[in-house]
Amino acid sequence: MTVNNHIVITGASQGIGEAIAVAWAKEFPDSHLSLIARNELNLKSVAEVCRATGATATVFPCDLKDSRQITQVCTELVRESGEPGVVVNNAGTFAPGGLSDTPLTVFEEQIQVNLTSAFHLSSLLVPGMIKCGGGHLFFMGSVASIQAYPGSVSYGTAKHGLLGLARAIRQETFDKGIRVTTMLPGATLTPSWQEAPYPEDRFMPPEDIAAALIAAYKLSDRTVVEEILLRPQKGDI
């Protein structure tokens, strides 16, 4: 477990990202959280909850489809809080559609948000983490990272790619003090599912995903949980 108390979380304005930020602040109230997402108003609300625990939280509004904004935000958060000890690549978006009815623009956006942003952010922050002695890198994959589902060709492609990215970084950095963990959750009760015609008990609570992430982080530096598969007790939706 790294001693650097600066954590960066993307997609922190709602859903799993919000749950991770709040749980982290409660578990580690001396930490500094850099919270990244497009929705500044929601980010500020999450930051206030984190600060109530005693943690420090700074918001960084950012469109993760824009590489220039990502570069600027990474420069700012390092300048303000130092190199992070933990980076959670959580930002994601879902667009339904199969091969024949997915426009190229939608496919490209799914790749940009779910995959390219995580590559870019990691490429900017991991070198500094290594210079400081190491850290923990998390990727928010999905059951769609390991299993194809009909009607989600762009999302499934992006999430398969994200798992491949995480595995590649793991091989590049295991001897440099970086632990890499990919979370692979199934249906979780987040805004992405708000229109779905299923009862609440068919979904996992986002707080459970956050708890699993923190449990993986709290292991000794001699151990890394490479991948965590989580599914609703009653199975996939």
# chains A, B, ... in the order shown; residues from 1 in each chain; ligands from 1

$ residues_around --residues "stretch 154-163 of chain A" --least-positions-apart "4" --cutoff "7 Å" --atoms "only C-alpha atoms" --output "PyMOL selection string"
chain A and resi 94-95+107+110-111+114-115+141-142+144-146+148+167+182

$ residues_around --residues "stretch 134-139 of chain A" --least-positions-apart "5" --cutoff "6 Å" --atoms "only C-alpha atoms" --output "compact mmCIF listing (two decimals) with C-alpha atoms, in the first residue's frame"
# COMPACT_ATOMS: atom_id res chain seq x y z
CA THR A 2 1.53 3.28 -1.11
CA GLY A 85 -0.02 7.61 -5.42
CA VAL A 86 -3.28 6.23 -6.81
CA VAL A 87 -5.03 6.80 -10.15
CA VAL A 88 -8.53 5.46 -10.79
CA ASN A 89 -9.45 5.47 -14.48
CA MET A 129 4.43 7.80 -9.87
CA GLY A 177 6.56 -0.37 -8.04
CA ILE A 178 3.25 0.07 -9.85
CA ARG A 179 0.35 -2.19 -8.99
CA VAL A 180 -2.35 -2.46 -11.66
CA THR A 181 -5.89 -3.62 -10.91
CA THR A 182 -8.82 -3.86 -13.31

$ closest_residue --among "A:Ser31, A:Ile70, A:Lys131, A:Ile16" --to "A:Thr116" --atoms "only C-alpha atoms"
A:Ile70

$ residues_around --residues "A:Ile214" --least-positions-apart "3" --cutoff "9 Å" --atoms "only C-alpha atoms" --output "short mmCIF file (atom, residue, chain, number, x, y, z; two decimals) with N, CA and C atoms, in the first residue's frame"
data_model
loop_
_atom_site.label_atom_id
_atom_site.label_comp_id
_atom_site.auth_asym_id
_atom_site.auth_seq_id
_atom_site.Cartn_x
_atom_site.Cartn_y
_atom_site.Cartn_z
N ILE A 20 -16.58 5.70 -5.08
CA ILE A 20 -15.16 5.51 -4.76
C ILE A 20 -14.61 6.72 -4.02
N ALA A 23 -16.12 6.84 -0.41
CA ALA A 23 -15.59 5.75 0.41
C ALA A 23 -14.12 5.96 0.73
N TRP A 24 -13.37 6.44 -0.26
CA TRP A 24 -11.94 6.68 -0.04
C TRP A 24 -11.72 7.76 1.01
N GLU A 27 -12.38 6.34 4.41
CA GLU A 27 -11.36 5.37 4.81
C GLU A 27 -10.01 6.03 5.08
N ILE A 209 -18.66 -1.83 -5.24
CA ILE A 209 -17.52 -1.73 -6.14
C ILE A 209 -16.41 -0.93 -5.48
N ALA A 210 -16.79 0.15 -4.83
CA ALA A 210 -15.81 0.98 -4.13
C ALA A 210 -15.13 0.19 -3.01
N ALA A 211 -15.89 -0.59 -2.28
CA ALA A 211 -15.33 -1.38 -1.18
C ALA A 211 -14.33 -2.41 -1.69
N TYR A 217 -6.57 -2.26 -2.71
CA TYR A 217 -5.53 -1.27 -2.43
C TYR A 217 -4.84 -1.54 -1.09
N LYS A 218 -5.59 -2.01 -0.09
CA LYS A 218 -5.06 -2.13 1.26
C LYS A 218 -4.15 -3.33 1.46
#

$ atom_distance --atom1 "atom CA of A:Gly92" --atom2 "atom CA of A:Thr173"
24.1 Å

$ atom_distance --atom1 "atom CA of A:Thr10" --atom2 "atom CA of A:Ala91"
5.1 Å

$ closest_residue --among "A:Val153, A:Phe203, A:Val22, A:Pro232" --to "A:Leu99" --atoms "only C-alpha atoms"
A:Val153

$ residues_around --residues "A:Glu83" --least-positions-apart "4" --cutoff "9 Å" --atoms "only C-alpha atoms" --output "ChimeraX atom specification"
/A:4,6,77-79,125-126,128-129,132

$ write_last_selection --atoms "C-alpha atoms" --output "short mmCIF file (atom, residue, chain, number, x, y, z; two decimals), in the first residue's frame"
data_model
loop_
_atom_site.label_atom_id
_atom_site.label_comp_id
_atom_site.auth_asym_id
_atom_site.auth_seq_id
_atom_site.Cartn_x
_atom_site.Cartn_y
_atom_site.Cartn_z
CA ASN A 4 1.39 8.84 -1.09
CA HIS A 6 -2.93 11.87 -3.41
CA LEU A 77 -3.28 18.50 -10.31
CA VAL A 78 0.41 17.56 -10.07
CA ARG A 79 1.33 21.20 -9.51
CA LEU A 125 0.82 10.33 -14.58
CA VAL A 126 2.50 6.92 -14.29
CA GLY A 128 5.82 10.55 -12.08
CA MET A 129 4.43 7.80 -9.87
CA CYS A 132 8.22 8.74 -6.53
#

$ residues_around --residues "A:Leu230" --least-positions-apart "3" --cutoff "8 Å" --atoms "only C-alpha atoms" --output "VMD selection string"
chain A and resid 143 183 to 186 209

$ select_by_dssp --residues "stretch 37-223 of chain A" --states "strand (DSSP E or B)" --output "MDAnalysis selection string"
chainID A and resid 37 56:61 86:89 97 135:140 152 178:185 188 204

$ atom_distance --atom1 "atom CA of A:Thr75" --atom2 "atom CA of A:Phe60"
11.1 Å
